[in-house]
Amino acid sequence: MTALGRVLRGAVPFAVLVAAWAAVTGAGLVSALFLPTPSAVAWSLWELARDGSLWMNIAASLGRVLLGLVAGVPLAVGLGVLVALNRRLAPLVEPVVGFFNALSGIAWLPLAMTWFGLGWTSVTFIMFNTIFFLVFFNTLVGVRTVPRIFEQAVRTMGGSRRHVILQVLLPGALPSIVTGIRMSIGFGWRALIAAEMIATSTGLGFLIFNAANFPQSDTILVGIITIGVLWLLTDRLVLQPIERRTIERWGLVSTAP
Amino acid sequence: MTRQLVVTWIVLLAAVTAAWGLAAAMLPLPDYYLPPPTAVLAALGDLVAKGILPDYVAESVRRIVLAAVLGLVVGVPLGLILGMSRRVADFFYPLLNFFQSVSGVAWLPLMLVWFGFGERTILMAVNYTVLFPVIFNALLGVRSVPRLYVNALRTLGASPWRVARDVLVPGALPSIATGMRLGLAYGWRALIAAEMLVGANGLGFMIFNAQNFHLTARIMLGMGIIGVLWVALDYFLLRPLEEATVARWGLVQR
């Protein structure tokens with residue numbers, strides 16, 4: 001089946017859903033305030049796209065994701081490798097980072113607001129710390145579980161510490177790291193939406209929370225659909241291909257979808 | 001081994017507390033930026049004495065346990081049933097995937113329009129967040145059982161019920177465990193967010209409210225408890241579940 005064929009087949013359940021939705025609202029079973037008709041939502045989508053506010057909010061949210069990634073991943077991987085190399089430090093740091101992992105995300109928002117006030121700094125910080133702790137933890141665990149024999153083999157052949165890091169530890173930890181990145185974006189995206197509802201005035205989270213004030217249910221639904229579609233696109237078009245081209249292609253253990 | 005772990009933890013705790021206290025005392029920041037560990041302990045004593053903290057903890061725990069039970073009792077069977085037929089599974093897979101990626105928190109504004117600011121809104125958001133990964137993974141679990149086993153049992157004359165009970169359900173268990181873990185991880189975080197936005201009680205509300213008054217010690221206390229509670233949830237709910245099923249029957253983990 002061609003790619004187009006697969007996309008079409010995947011769209012059938014949604015077509016059925018939209019049809020059911022239209023039927024329920026058309027039959028007047030629920031008030032328009034509760035559940036606007038599909039056409040009302042489509043109209044709202046068109047309006048928001050036309051006046052640019054949809055794109056602006058999407059850009060704001062995605063921009064924060066990117067910022068969190070760019071700041072968080074290199075720092076987390078770098079620190080993770082450094083700490084993992086130190087055999088005394090690593091077992092001590094691991095449970096601490098594991099604990100912070102459990103804490104990551106939206107729970108940091110009040111503290112972030114105390115430190116940075118309202119605005120994009122606090123919200124981006126949430127994204128950053130979710131990514132940082134999870135990737136740090138996964139890098140730490142990943143590097144520590146690389147069998148020592150590989151490191152010893154490279155050393156036997158005269159490899160320096162740099163060779164060990166670049167050719168043994170990092171590739172060996174890569175499945176863990178990539179999984180960590182993927183998971184952290186998943187958690188972070190959710191935390192981001194929640195943080196945008198509370199602490200800032202741009203972004204998809206703000207869009208839908210603000211719309212509840214009026215209340216503009218059709219705008220809310222546009223936002224919800226956008227959030228879902230964006231995540232699916234990111235996962236399908238960016239994250240999974242990265243996984244496929246790195247860990248699966250190199251025959252390292254691959255994770256379930 | 002356990003004794004070594006306990007000693008490690010005590011040393012770690014002491015070191016972190018000392019470093020923290022030092023930083024709090026030395027950094028040229030206003031008091032409310034980084035309260036010292038003593039302030040957090042004082043807040044703990046204060047809130048426990050007033051009965052606020054136990055109440056908030058109980059509320060949050062109640063909500064997440066409710067969601068976990070719902071996930072187990074409704075989500076797992078639903079996912080299993082949906083997974084049993086190839087056509088039904090193929091139909092629901094994209095829908096479940098889509099709805100799973102929209103967290104319950106994103107539905108909160110709509111639920112606020114529907115139910116207003118109240119308990120029901122929080123519960124709906126959290127239950128939604130927990131249910132979808134559970135259903136989705138249960139469905140995936142059933143679909144991932146090798147046809148060979150199903151065929152083998154049918155060759156021996158098993159009814160569909162026996163096939164479901166003896167092959168499909170056990171085979172789906174690793175996925176179900178993953179689904180529960182993911183669902184509760186997302187759900188716990190969604191709960192905190194929902195309590196911040198909607199609630200009048202609970203840990204999320206506590207730390208959010210404390211921020212309004214710059215009671216940073218309370219914020220840190222709340223955050224610590226949130227982390228500890230997740231570890232406890234993992235230890236008392238998820239691990240036993242995984243151990244009683246996946247590990248005990250020697251099924252492949254993850």
# chains A, B, ... in the order shown; residues from 1 in each chain; ligands from 1
>>> interface_residues(of="chain A", to="chain B", cutoff="6 Å", atoms="only C-alpha atoms", output="ChimeraX atom specification")
/A:13,102-103,110,209,212,228
>>> residues_around(residues="range 231-239 of chain A", least_positions_apart="2", cutoff="9 Å", atoms="only C-alpha atoms", output="VMD selection string")
(chain A and resid 178 181 to 182 186 189 226 to 229 241 to 244) or (chain B and resid 97 to 98 101 to 102)
>>> closest_residue(among="A:Phe128, A:Trp43, A:Phe136, A:Phe99", to="Leu69 in chain A", atoms="only C-alpha atoms")
A:Phe128
>>> closest_atom_pairs(of="range 52-133 of chain B", to="range 153-161 of chain B", cutoff="12 Å", atoms="only C-alpha atoms", output="Markdown table")
| residue | atom | partner | partner_atom | distance |
| --- | --- | --- | --- | --- |
| B:Ile81 | CA | B:Trp161 | CA | 11.5 |
| B:Met84 | CA | B:Pro160 | CA | 10.0 |
| B:Ser85 | CA | B:Pro160 | CA | 11.4 |
>>> atom_distance(atom1="CA of Ala244 in chain B", atom2="CA of Gly98 in chain A")
23.7 Å
>>> closest_residue(among="B:Ile10, B:Val57, B:Val169, B:Pro37", to="Ala23 in chain B", atoms="only C-alpha atoms")
B:Pro37
>>> closest_residue(among="B:Ile135, B:Leu233, B:Val48, B:Val74", to="Thr178 in chain B", atoms="only C-alpha atoms")
B:Ile135
>>> select_by_dssp(residues="range 81-185 of chain A", states="alpha helix (DSSP H)", output="ChimeraX atom specification")
/A:81-85,90-103,109-116,120-144,148-156,161-164,170-185
>>> atom_distance(atom1="CA of Val168 in chain A", atom2="CA of Arg148 in chain A")
9.5 Å
>>> closest_residue(among="A:Ser217, A:Thr246, A:Asn138, A:Asn57", to="Ile177 in chain A", atoms="only C-alpha atoms")
A:Asn138
>>> residues_around(residues="Leu207 in chain A", least_positions_apart="4", cutoff="8 Å", atoms="only C-alpha atoms", output="MDAnalysis selection string")
chainID A and resid 57 197 202:203 211 219:220 223
>>> write_last_selection(atoms="N, CA and C atoms", output="compact mmCIF listing (two decimals), in the first residue's frame")
# COMPACT_ATOMS: atom_id res chain seq x y z
N ASN A 57 0.49 31.59 17.78
CA ASN A 57 0.48 30.75 18.97
C ASN A 57 1.21 29.43 18.75
N MET A 197 -1.18 27.88 30.01
CA MET A 197 -2.49 28.28 30.50
C MET A 197 -2.37 29.21 31.68
N THR A 202 0.89 33.92 25.44
CA THR A 202 0.97 33.44 24.06
C THR A 202 1.08 31.93 24.10
N GLY A 203 0.84 31.32 22.97
CA GLY A 203 0.97 29.87 22.93
C GLY A 203 -0.38 29.18 22.90
N ALA A 211 -9.83 31.22 25.70
CA ALA A 211 -11.12 31.08 25.02
C ALA A 211 -12.21 30.61 25.97
N THR A 219 -13.20 27.90 19.43
CA THR A 219 -11.76 28.18 19.49
C THR A 219 -11.03 27.13 20.32
N ILE A 220 -11.66 26.74 21.43
CA ILE A 220 -11.04 25.72 22.28
C ILE A 220 -10.81 24.45 21.48
N GLY A 223 -7.98 24.71 19.11
CA GLY A 223 -6.71 24.58 19.83
C GLY A 223 -6.41 23.13 20.18
>>> atom_distance(atom1="CA of Gly80 in chain A", atom2="CA of Ile131 in chain A")
12.8 Å
>>> closest_residue(among="A:Thr139, A:Phe206, A:Leu166, A:Thr121", to="Thr179 in chain A", atoms="only C-alpha atoms")
A:Thr139
>>> residues_around(residues="Gly26 in chain A", least_positions_apart="4", cutoff="10 Å", atoms="only C-alpha atoms", output="PDB file with C-alpha atoms, in the first residue's frame")
ATOM      1  CA  ALA A  20     -20.812  11.167  14.432  1.00  0.00           C
ATOM      2  CA  TRP A  21     -19.953  14.557  15.868  1.00  0.00           C
ATOM      3  CA  ALA A  22     -21.965  16.321  13.161  1.00  0.00           C
ATOM      4  CA  VAL A  30     -26.204  19.224  22.992  1.00  0.00           C
ATOM      5  CA  SER A  31     -26.169  22.994  23.076  1.00  0.00           C
ATOM      6  CA  ALA A  32     -23.805  24.762  20.734  1.00  0.00           C
ATOM      7  CA  PRO A  36     -20.078  23.386  18.553  1.00  0.00           C
ATOM      8  CA  THR A  37     -20.764  21.815  15.178  1.00  0.00           C
ATOM      9  CA  PRO A  38     -17.841  20.666  13.030  1.00  0.00           C
TER      10      PRO A  38
END
>>> closest_residue(among="A:Ala42, A:Ala49, A:Leu54, A:Leu174", to="Gly205 in chain A", atoms="only C-alpha atoms")
A:Leu54
>>> residues_around(residues="Gly78 in chain A", least_positions_apart="6", cutoff="12 Å", atoms="only C-alpha atoms", output="PDB file with N, CA and C atoms, in the first residue's frame")
ATOM      1  N   ALA A  71      18.646  23.935  24.574  1.00  0.00           N
ATOM      2  CA  ALA A  71      19.340  24.186  25.837  1.00  0.00           C
ATOM      3  C   ALA A  71      19.504  22.904  26.636  1.00  0.00           C
ATOM      4  N   GLY A  72      18.485  22.072  26.631  1.00  0.00           N
ATOM      5  CA  GLY A  72      18.464  20.935  27.554  1.00  0.00           C
ATOM      6  C   GLY A  72      19.258  19.730  27.095  1.00  0.00           C
ATOM      7  N   ALA A  84      28.667   9.907  34.554  1.00  0.00           N
ATOM      8  CA  ALA A  84      28.732   8.448  34.435  1.00  0.00           C
ATOM      9  C   ALA A  84      30.164   7.964  34.410  1.00  0.00           C
ATOM     10  N   LEU A  85      31.084   8.809  33.919  1.00  0.00           N
ATOM     11  CA  LEU A  85      32.480   8.402  33.857  1.00  0.00           C
ATOM     12  C   LEU A  85      33.088   8.252  35.244  1.00  0.00           C
ATOM     13  N   PHE A 132      15.697  18.236  30.452  1.00  0.00           N
ATOM     14  CA  PHE A 132      17.016  18.071  31.061  1.00  0.00           C
ATOM     15  C   PHE A 132      17.077  16.854  31.962  1.00  0.00           C
ATOM     16  N   VAL A 135      16.577  13.390  30.099  1.00  0.00           N
ATOM     17  CA  VAL A 135      17.684  13.008  29.229  1.00  0.00           C
ATOM     18  C   VAL A 135      18.951  12.760  30.055  1.00  0.00           C
ATOM     19  N   PHE A 136      19.157  13.564  31.087  1.00  0.00           N
ATOM     20  CA  PHE A 136      20.292  13.365  31.983  1.00  0.00           C
ATOM     21  C   PHE A 136      20.224  11.960  32.580  1.00  0.00           C
ATOM     22  N   PHE A 137      19.059  11.614  33.118  1.00  0.00           N
ATOM     23  CA  PHE A 137      18.895  10.313  33.739  1.00  0.00           C
ATOM     24  C   PHE A 137      19.144   9.198  32.744  1.00  0.00           C
ATOM     25  N   ASN A 138      18.514   9.308  31.580  1.00  0.00           N
ATOM     26  CA  ASN A 138      18.680   8.263  30.578  1.00  0.00           C
ATOM     27  C   ASN A 138      20.113   8.151  30.077  1.00  0.00           C
ATOM     28  N   THR A 139      20.794   9.309  29.939  1.00  0.00           N
ATOM     29  CA  THR A 139      22.197   9.257  29.517  1.00  0.00           C
ATOM     30  C   THR A 139      23.025   8.565  30.582  1.00  0.00           C
ATOM     31  N   LEU A 140      22.801   8.947  31.824  1.00  0.00           N
ATOM     32  CA  LEU A 140      23.543   8.352  32.939  1.00  0.00           C
ATOM     33  C   LEU A 140      23.371   6.839  32.953  1.00  0.00           C
ATOM     34  N   VAL A 143      24.949   5.182  29.729  1.00  0.00           N
ATOM     35  CA  VAL A 143      26.395   5.050  29.709  1.00  0.00           C
ATOM     36  C   VAL A 143      26.851   3.989  30.712  1.00  0.00           C
ATOM     37  N   ILE A 165      34.947   7.604  24.870  1.00  0.00           N
ATOM     38  CA  ILE A 165      33.684   8.326  24.973  1.00  0.00           C
ATOM     39  C   ILE A 165      32.964   8.358  23.633  1.00  0.00           C
ATOM     40  N   LEU A 166      33.702   8.748  22.591  1.00  0.00           N
ATOM     41  CA  LEU A 166      33.027   8.980  21.316  1.00  0.00           C
ATOM     42  C   LEU A 166      32.651   7.688  20.611  1.00  0.00           C
ATOM     43  N   LEU A 169      31.058   4.758  24.502  1.00  0.00           N
ATOM     44  CA  LEU A 169      30.030   5.137  25.462  1.00  0.00           C
ATOM     45  C   LEU A 169      28.838   5.829  24.810  1.00  0.00           C
ATOM     46  N   LEU A 170      29.132   6.818  23.969  1.00  0.00           N
ATOM     47  CA  LEU A 170      28.004   7.547  23.374  1.00  0.00           C
ATOM     48  C   LEU A 170      27.152   6.663  22.467  1.00  0.00           C
ATOM     49  N   ILE A 177      19.487   7.394  25.255  1.00  0.00           N
ATOM     50  CA  ILE A 177      19.411   8.846  25.081  1.00  0.00           C
ATOM     51  C   ILE A 177      18.264   9.208  24.157  1.00  0.00           C
TER      52      ILE A 177
END
